[in-house]
Every structure is written in structure tokens, then in C-alpha cells.
$ cat query_36.txt   # compact mmCIF, C-alpha atoms
# COMPACT_ATOMS: atom_id res chain seq x y z
CA MET U 1 96.54 112.90 115.07
CA ILE U 2 96.49 110.48 118.00
CA ALA U 3 96.55 111.81 121.56
CA CYS U 4 97.78 109.23 124.09
CA PHE U 5 96.63 109.64 127.69
CA GLY U 6 97.79 107.45 130.54
CA ASP U 7 100.22 106.77 133.33
CA SER U 8 103.94 105.95 133.38
CA LEU U 9 103.47 103.07 130.92
CA THR U 10 102.18 105.60 128.39
CA TYR U 11 104.68 108.28 129.37
CA GLY U 12 107.66 105.94 129.10
CA PHE U 13 108.96 106.21 132.67
CA GLY U 14 112.72 105.77 132.96
CA LEU U 15 113.38 106.09 129.24
CA ARG U 16 115.08 108.85 127.32
CA PRO U 17 113.26 110.80 124.63
CA GLY U 18 113.42 108.78 121.43
CA ASP U 19 113.36 105.48 123.36
CA LYS U 20 109.75 105.81 124.55
CA TRP U 21 107.28 103.68 122.61
CA ILE U 22 105.25 106.70 121.50
CA ASP U 23 108.43 108.34 120.16
CA ILE U 24 109.20 105.17 118.19
CA VAL U 25 105.67 105.15 116.75
CA ARG U 26 106.03 108.86 115.85
CA ASN U 27 109.35 108.13 114.13
CA GLY U 28 107.46 105.49 112.12
CA GLY U 29 105.37 108.24 110.54
CA TYR U 30 102.39 108.57 112.88
CA ASP U 31 101.18 111.94 114.13
CA ILE U 32 101.02 110.98 117.81
CA ASN U 33 101.39 112.97 121.04
CA ASN U 34 102.20 111.70 124.51
CA TYR U 35 100.05 112.99 127.38
CA GLY U 36 101.08 110.27 129.80
CA VAL U 37 101.83 111.32 133.38
CA ASN U 38 103.89 109.27 135.81
CA GLY U 39 101.75 108.11 138.73
CA ALA U 40 98.43 109.01 137.10
CA LYS U 41 95.32 107.12 138.12
CA ILE U 42 92.31 106.63 135.87
CA ARG U 43 90.40 109.61 137.34
CA ASP U 44 93.46 111.84 136.70
CA ILE U 45 93.52 110.60 133.13
CA MET U 46 89.81 111.30 132.68
CA ALA U 47 90.23 114.83 134.05
CA ARG U 48 93.05 115.52 131.58
CA ILE U 49 90.96 114.21 128.69
CA GLN U 50 88.05 116.47 129.70
CA GLU U 51 90.34 119.52 129.62
CA GLY U 52 90.38 119.13 125.81
CA PRO U 53 90.60 120.07 123.04
CA LEU U 54 90.78 116.59 121.56
CA PRO U 55 91.84 115.29 118.18
CA THR U 56 89.87 112.70 116.19
CA ASN U 57 91.70 109.75 117.80
CA VAL U 58 92.47 109.18 121.46
CA PHE U 59 94.35 106.29 123.03
CA VAL U 60 93.94 105.69 126.78
CA MET U 61 95.83 103.31 129.07
CA GLY U 62 95.78 103.20 132.83
CA GLY U 63 95.00 101.05 135.81
CA THR U 64 98.31 99.85 137.22
CA ASN U 65 98.50 102.69 139.76
CA ASP U 66 94.84 102.24 140.67
CA PHE U 67 95.31 98.52 141.28
CA ASP U 68 98.52 99.13 143.21
CA SER U 69 96.58 101.38 145.59
CA GLY U 70 93.64 99.00 146.09
CA GLY U 71 91.38 99.77 143.14
CA SER U 72 89.13 97.05 141.81
CA VAL U 73 88.96 95.59 138.35
CA GLU U 74 85.25 96.41 138.19
CA SER U 75 85.87 100.09 138.94
CA LEU U 76 88.57 100.29 136.25
CA VAL U 77 86.43 98.63 133.60
CA LYS U 78 83.63 101.05 134.52
CA ALA U 79 86.04 103.99 134.20
CA TYR U 80 87.17 102.81 130.75
CA LEU U 81 83.49 102.60 129.72
CA GLU U 82 82.88 106.12 131.06
CA ILE U 83 85.87 107.45 129.13
CA ASP U 84 84.67 105.68 126.00
CA SER U 85 81.18 107.17 126.40
CA TYR U 86 82.59 110.66 126.96
CA LEU U 87 84.92 110.47 123.96
CA THR U 88 82.16 109.10 121.73
CA SER U 89 79.90 111.99 122.79
CA GLN U 90 82.66 114.35 121.70
CA GLY U 91 82.94 112.70 118.28
CA VAL U 92 86.31 111.17 119.17
CA ARG U 93 87.33 107.61 118.29
CA ALA U 94 88.71 105.92 121.40
CA SER U 95 91.08 103.02 121.74
CA PHE U 96 92.30 101.53 124.99
CA GLY U 97 95.54 99.91 126.05
CA ILE U 98 95.62 96.84 128.21
CA PRO U 99 98.64 97.49 130.47
CA THR U 100 101.72 95.28 130.48
CA PRO U 101 101.91 92.64 133.22
CA THR U 102 104.05 92.79 136.33
CA ASN U 103 106.32 90.02 137.55
CA PRO U 104 104.04 87.39 139.12
CA GLU U 105 107.04 85.64 140.72
CA ILE U 106 107.69 88.56 143.09
CA ALA U 107 105.50 88.25 146.19
CA GLU U 108 104.80 91.98 146.51
CA TYR U 109 103.50 92.09 142.92
CA GLN U 110 101.33 88.95 142.94
CA ASN U 111 98.10 90.77 143.81
CA LEU U 112 98.82 93.47 141.21
CA SER U 113 99.70 90.79 138.67
CA ASN U 114 96.41 88.96 139.33
CA LYS U 115 94.37 92.17 138.98
CA LEU U 116 96.09 93.07 135.71
CA SER U 117 95.38 89.59 134.36
CA PHE U 118 91.70 89.82 135.35
CA PHE U 119 91.52 93.37 133.91
CA HIS U 120 92.89 92.02 130.62
CA ASP U 121 90.21 89.34 130.48
CA GLU U 122 87.39 91.74 131.41
CA LEU U 123 88.41 94.32 128.80
CA LEU U 124 88.45 91.63 126.10
CA LEU U 125 84.88 90.72 127.10
CA THR U 126 83.71 94.34 127.31
CA PHE U 127 85.18 96.11 124.27
CA PRO U 128 85.36 95.23 120.59
CA ARG U 129 88.80 93.78 119.84
CA ASN U 130 89.57 96.52 117.30
CA GLN U 131 89.26 99.09 120.09
CA LEU U 132 91.99 97.49 122.23
CA ILE U 133 95.78 97.42 122.12
CA ASP U 134 96.72 94.30 124.08
CA PHE U 135 100.14 94.98 125.58
CA PHE U 136 99.38 92.49 128.37
CA HIS U 137 99.12 89.49 126.06
CA ALA U 138 102.19 90.57 124.08
CA PHE U 139 104.26 90.58 127.29
CA THR U 140 102.90 87.27 128.63
CA PRO U 141 104.57 85.19 129.84
CA TYR U 142 106.44 87.85 131.79
CA ASP U 143 110.00 88.34 130.55
CA SER U 144 112.24 90.28 132.96
CA ASN U 145 114.57 91.11 130.04
CA LEU U 146 111.92 93.54 128.77
CA PHE U 147 111.63 95.52 132.04
CA PHE U 148 114.09 97.62 134.01
CA ASP U 149 112.07 97.12 137.17
CA GLU U 150 109.12 94.81 137.75
CA ILE U 151 106.61 97.18 136.14
CA HIS U 152 108.18 99.51 133.58
CA PRO U 153 109.45 98.36 130.19
CA ASN U 154 113.09 99.07 129.37
CA LYS U 155 114.32 100.23 125.96
CA LYS U 156 113.81 96.75 124.46
CA GLY U 157 110.36 96.49 126.04
CA SER U 158 109.47 99.95 124.74
CA ARG U 159 110.36 98.86 121.20
CA LYS U 160 108.08 95.87 121.69
CA MET U 161 105.26 98.16 122.86
CA ALA U 162 105.69 100.25 119.70
CA GLU U 163 105.54 97.10 117.56
CA VAL U 164 102.35 95.96 119.31
CA PHE U 165 100.75 99.39 118.91
CA LEU U 166 101.58 99.56 115.21
CA LYS U 167 100.31 96.03 114.63
CA GLU U 168 97.05 96.47 116.55
CA TRP U 169 96.15 100.14 115.90
CA SER U 170 93.07 100.09 113.70
CA PHE U 171 91.96 103.70 113.17

$ encode --input "query_36.txt" --output "C-alpha cells"
Amino acid sequence: MIACFGDSLTYGFGLRPGDKWIDIVRNGGYDINNYGVNGAKIRDIMARIQEGPLPTNVFVMGGTNDFDSGGSVESLVKAYLEIDSYLTSQGVRASFGIPTPTNPEIAEYQNLSNKLSFFHDELLLTFPRNQLIDFFHAFTPYDSNLFFDEIHPNKKGSRKMAEVFLKEWSF
């Protein structure tokens, strides 16, 4: 079983049940549960993980809300490392999602877009590649046809997220 913790990108904000990427993965034969919460920040995600109980495999993705409210890349990388350490101490195998990009052409999202890009690069330097699911790279360059707003994937984007997860999941 895989437990997926995260924010709206994990939850599947704006999508109907069955259209969310985790639902698509589940329909592909994986035992996977969605514990994503719209608006969650990395500390919220960590608190939910610590509530337990946990299965053997946990997937975690967050950061967009933290960056949008002024969080730093360094603090998010540190939080991912703390989550990894905690899960390892619990005998849980952890994998981490690198969030999808935002539209860098929209002025109000340029700072967020830059932080997500830097976060992507830092995670690739920090974690073994087999521990990461790189949604960011899969959605770069940014394609507005895969999003219903500037942040959240639409039904087509959700299918792409499922494809990326299935291709890159290594546990």
C-alpha cells in the first residue's frame, strides 16, 4: 500500500473522483490512498504523517503553498529531509514528488515559478533519483493546456501526472 500525503496537487483540486491522478494510478492496479489536503503546507503534511499509522510506502509532495506564502527553498528541502528521516526511523520507505510548475509568463506567478524551479534542482541534488517523482520536469516547458488555472492540473494534466508516477515509482 502507498499512502500519498500532500497539498492540492496530491489531492487533485478541482477534479472529480476518478479523474484525480491517484485515482487513475489506483485504477491501474496499485493499492494507493490519497491523503492530500487542499491548502496544506509542509508542516501540516508532516503533522498528518506523524498521526500514523503508516504503511510500508509513503509518497509526499508539497511546497507550492509554502512558497506562495513566502517560504524559502532551503526550508522546504530541510522539511523534506526531516520527513525522510522520520519515515526511515519508522521503517517506512519514502518517496517525494517534485511539484508541477506554475505559469512563468504570468507576473504574479514569476516568483513562485522561480522557487519551484530552484526547489526542483535542489531536490535532485539532495535525494537519490529513485526516491523522487519529477512532475516538474514532466510539465516543463509549462503547457497551459494541462492546467485549469495557473497551478492545478486539469483532467488531461492529471492523466499525465499518473503516467509520470507510474513510470518513475520505484518501490

$ closest_residue --input "query_36.txt" --among "U:Phe96, U:Phe171, U:Tyr80, U:Tyr35" --to "U:Cys4" --atoms "only C-alpha atoms"
U:Tyr35

$ residues_around --input "query_36.txt" --residues "U:Asp66" --least-positions-apart "6" --cutoff "12 Å" --atoms "only C-alpha atoms" --output "PyMOL selection string"
chain U and resi 6-7+39-45+72-77+79+99+112+115-116+119

$ closest_residue --input "query_36.txt" --among "U:Gly91, U:Pro17, U:Asp68, U:Met61" --to "U:Glu108" --atoms "all atoms listed in the file"
U:Asp68

$ residues_near_point --input "query_36.txt" --point "(107.4, 89.3, 130.6)" --cutoff "10 Å" --atoms "all atoms listed in the file" --output "VMD selection string"
chain U and resid 100 to 104 136 to 147 150 to 151 153 157

$ closest_residue --input "query_36.txt" --among "U:Asp84, U:Asp19, U:Asp149, U:Asp31" --to "U:Ile49" --atoms "only C-alpha atoms"
U:Asp84

$ closest_residue --input "query_36.txt" --among "U:Ala162, U:Leu81, U:Leu124, U:Met46" --to "U:Gly12" --atoms "all atoms listed in the file"
U:Ala162

$ closest_residue --input "query_36.txt" --among "U:Thr56, U:Asn38, U:Gln90, U:Ser69" --to "U:Thr10" --atoms "only C-alpha atoms"
U:Asn38

$ residues_around --input "query_36.txt" --residues "stretch 158-160 of chain U" --least-positions-apart "3" --cutoff "6 Å" --atoms "all atoms listed in the file" --output "ChimeraX atom specification"
/U:20-21,153-155,163

$ write_last_selection --input "query_36.txt" --atoms "C-alpha atoms" --output "compact mmCIF listing (two decimals), in the coordinates of the input"
# COMPACT_ATOMS: atom_id res chain seq x y z
CA LYS U 20 109.75 105.81 124.55
CA TRP U 21 107.28 103.68 122.61
CA PRO U 153 109.45 98.36 130.19
CA ASN U 154 113.09 99.07 129.37
CA LYS U 155 114.32 100.23 125.96
CA GLU U 163 105.54 97.10 117.56

$ atom_distance --input "query_36.txt" --atom1 "atom CA of U:Asn57" --atom2 "atom CA of U:Ser8"
20.2 Å

$ atom_distance --input "query_36.txt" --atom1 "atom CA of U:Glu168" --atom2 "atom CA of U:Ile24"
15.0 Å

$ closest_residue --input "query_36.txt" --among "U:Pro128, U:Asn27, U:Leu123, U:Ala107" --to "U:Ser170" --atoms "all atoms listed in the file"
U:Pro128

$ axis_aligned_box --input "query_36.txt" --around "stretch 3-9 of chain U" --padding-each-side "8 Å" --output "AutoDock Vina command-line options"
--center_x 100.2 --center_y 107.4 --center_z 127.5 --size_x 23.4 --size_y 24.7 --size_z 27.8

$ atom_distance --input "query_36.txt" --atom1 "atom CA of U:Thr64" --atom2 "atom CA of U:His120"
11.6 Å

$ build_atoms --input "query_36.txt" --residues "stretch 99-110 of chain U" --atoms "all heavy atoms" --output "PDB file, keeping the file's coordinate frame"
ATOM      1  N   PRO U  99      97.280  97.312 129.970  1.00  0.00           N
ATOM      2  CA  PRO U  99      98.640  97.490 130.470  1.00  0.00           C
ATOM      3  C   PRO U  99      99.477  96.203 130.479  1.00  0.00           C
ATOM      4  O   PRO U  99      98.941  95.091 130.575  1.00  0.00           O
ATOM      5  CB  PRO U  99      98.436  97.986 131.909  1.00  0.00           C
ATOM      6  CG  PRO U  99      97.057  98.537 131.937  1.00  0.00           C
ATOM      7  CD  PRO U  99      96.274  97.737 130.947  1.00  0.00           C
ATOM      8  N   THR U 100     100.775  96.397 130.388  1.00  0.00           N
ATOM      9  CA  THR U 100     101.720  95.280 130.480  1.00  0.00           C
ATOM     10  C   THR U 100     101.605  94.619 131.851  1.00  0.00           C
ATOM     11  O   THR U 100     101.192  95.249 132.825  1.00  0.00           O
ATOM     12  CB  THR U 100     103.165  95.775 130.281  1.00  0.00           C
ATOM     13  OG1 THR U 100     103.444  96.813 131.225  1.00  0.00           O
ATOM     14  CG2 THR U 100     103.398  96.293 128.871  1.00  0.00           C
ATOM     15  N   PRO U 101     101.978  93.341 131.937  1.00  0.00           N
ATOM     16  CA  PRO U 101     101.910  92.640 133.220  1.00  0.00           C
ATOM     17  C   PRO U 101     103.062  93.074 134.146  1.00  0.00           C
ATOM     18  O   PRO U 101     103.998  93.752 133.719  1.00  0.00           O
ATOM     19  CB  PRO U 101     102.070  91.172 132.832  1.00  0.00           C
ATOM     20  CG  PRO U 101     102.866  91.207 131.579  1.00  0.00           C
ATOM     21  CD  PRO U 101     102.449  92.464 130.860  1.00  0.00           C
ATOM     22  N   THR U 102     102.950  92.663 135.385  1.00  0.00           N
ATOM     23  CA  THR U 102     104.050  92.790 136.330  1.00  0.00           C
ATOM     24  C   THR U 102     104.572  91.389 136.607  1.00  0.00           C
ATOM     25  O   THR U 102     103.963  90.403 136.212  1.00  0.00           O
ATOM     26  CB  THR U 102     103.590  93.439 137.654  1.00  0.00           C
ATOM     27  OG1 THR U 102     102.541  92.645 138.211  1.00  0.00           O
ATOM     28  CG2 THR U 102     103.113  94.855 137.429  1.00  0.00           C
ATOM     29  N   ASN U 103     105.691  91.309 137.287  1.00  0.00           N
ATOM     30  CA  ASN U 103     106.320  90.020 137.550  1.00  0.00           C
ATOM     31  C   ASN U 103     105.530  89.234 138.588  1.00  0.00           C
ATOM     32  O   ASN U 103     105.527  89.584 139.770  1.00  0.00           O
ATOM     33  CB  ASN U 103     107.757  90.228 138.026  1.00  0.00           C
ATOM     34  CG  ASN U 103     108.541  88.943 138.087  1.00  0.00           C
ATOM     35  OD1 ASN U 103     107.969  87.853 138.124  1.00  0.00           O
ATOM     36  ND2 ASN U 103     109.850  89.056 138.090  1.00  0.00           N
ATOM     37  N   PRO U 104     104.852  88.158 138.172  1.00  0.00           N
ATOM     38  CA  PRO U 104     104.040  87.390 139.120  1.00  0.00           C
ATOM     39  C   PRO U 104     104.860  86.541 140.085  1.00  0.00           C
ATOM     40  O   PRO U 104     104.314  86.005 141.049  1.00  0.00           O
ATOM     41  CB  PRO U 104     103.191  86.499 138.205  1.00  0.00           C
ATOM     42  CG  PRO U 104     104.030  86.313 136.994  1.00  0.00           C
ATOM     43  CD  PRO U 104     104.795  87.600 136.825  1.00  0.00           C
ATOM     44  N   GLU U 105     106.168  86.432 139.846  1.00  0.00           N
ATOM     45  CA  GLU U 105     107.040  85.640 140.720  1.00  0.00           C
ATOM     46  C   GLU U 105     107.481  86.408 141.964  1.00  0.00           C
ATOM     47  O   GLU U 105     107.989  85.814 142.907  1.00  0.00           O
ATOM     48  CB  GLU U 105     108.278  85.163 139.944  1.00  0.00           C
ATOM     49  CG  GLU U 105     107.946  84.340 138.707  1.00  0.00           C
ATOM     50  CD  GLU U 105     107.215  83.052 139.046  1.00  0.00           C
ATOM     51  OE1 GLU U 105     107.600  82.390 140.021  1.00  0.00           O
ATOM     52  OE2 GLU U 105     106.256  82.729 138.320  1.00  0.00           O
ATOM     53  N   ILE U 106     107.305  87.720 141.950  1.00  0.00           N
ATOM     54  CA  ILE U 106     107.690  88.560 143.090  1.00  0.00           C
ATOM     55  C   ILE U 106     106.479  88.704 144.006  1.00  0.00           C
ATOM     56  O   ILE U 106     105.419  89.181 143.580  1.00  0.00           O
ATOM     57  CB  ILE U 106     108.175  89.950 142.617  1.00  0.00           C
ATOM     58  CG1 ILE U 106     109.306  89.821 141.589  1.00  0.00           C
ATOM     59  CG2 ILE U 106     108.576  90.822 143.798  1.00  0.00           C
ATOM     60  CD1 ILE U 106     110.594  89.262 142.124  1.00  0.00           C
ATOM     61  N   ALA U 107     106.628  88.301 145.250  1.00  0.00           N
ATOM     62  CA  ALA U 107     105.500  88.250 146.190  1.00  0.00           C
ATOM     63  C   ALA U 107     104.753  89.582 146.281  1.00  0.00           C
ATOM     64  O   ALA U 107     103.518  89.598 146.258  1.00  0.00           O
ATOM     65  CB  ALA U 107     105.988  87.823 147.570  1.00  0.00           C
ATOM     66  N   GLU U 108     105.470  90.692 146.346  1.00  0.00           N
ATOM     67  CA  GLU U 108     104.800  91.980 146.510  1.00  0.00           C
ATOM     68  C   GLU U 108     104.006  92.408 145.282  1.00  0.00           C
ATOM     69  O   GLU U 108     103.172  93.308 145.350  1.00  0.00           O
ATOM     70  CB  GLU U 108     105.795  93.077 146.905  1.00  0.00           C
ATOM     71  CG  GLU U 108     106.762  93.463 145.796  1.00  0.00           C
ATOM     72  CD  GLU U 108     107.758  94.523 146.231  1.00  0.00           C
ATOM     73  OE1 GLU U 108     107.423  95.719 146.170  1.00  0.00           O
ATOM     74  OE2 GLU U 108     108.864  94.121 146.637  1.00  0.00           O
ATOM     75  N   TYR U 109     104.223  91.755 144.148  1.00  0.00           N
ATOM     76  CA  TYR U 109     103.500  92.090 142.920  1.00  0.00           C
ATOM     77  C   TYR U 109     102.450  91.052 142.536  1.00  0.00           C
ATOM     78  O   TYR U 109     101.776  91.208 141.520  1.00  0.00           O
ATOM     79  CB  TYR U 109     104.470  92.280 141.751  1.00  0.00           C
ATOM     80  CG  TYR U 109     105.345  93.494 141.909  1.00  0.00           C
ATOM     81  CD1 TYR U 109     106.721  93.367 142.088  1.00  0.00           C
ATOM     82  CD2 TYR U 109     104.794  94.773 141.897  1.00  0.00           C
ATOM     83  CE1 TYR U 109     107.520  94.481 142.244  1.00  0.00           C
ATOM     84  CE2 TYR U 109     105.586  95.891 142.062  1.00  0.00           C
ATOM     85  CZ  TYR U 109     106.945  95.741 142.236  1.00  0.00           C
ATOM     86  OH  TYR U 109     107.733  96.840 142.395  1.00  0.00           O
ATOM     87  N   GLN U 110     102.280  90.001 143.317  1.00  0.00           N
ATOM     88  CA  GLN U 110     101.330  88.950 142.940  1.00  0.00           C
ATOM     89  C   GLN U 110      99.900  89.446 142.868  1.00  0.00           C
ATOM     90  O   GLN U 110      99.175  89.119 141.920  1.00  0.00           O
ATOM     91  CB  GLN U 110     101.460  87.750 143.878  1.00  0.00           C
ATOM     92  CG  GLN U 110     102.695  86.939 143.599  1.00  0.00           C
ATOM     93  CD  GLN U 110     102.899  85.804 144.580  1.00  0.00           C
ATOM     94  OE1 GLN U 110     102.249  85.720 145.611  1.00  0.00           O
ATOM     95  NE2 GLN U 110     103.834  84.923 144.244  1.00  0.00           N
TER      96      GLN U 110
END
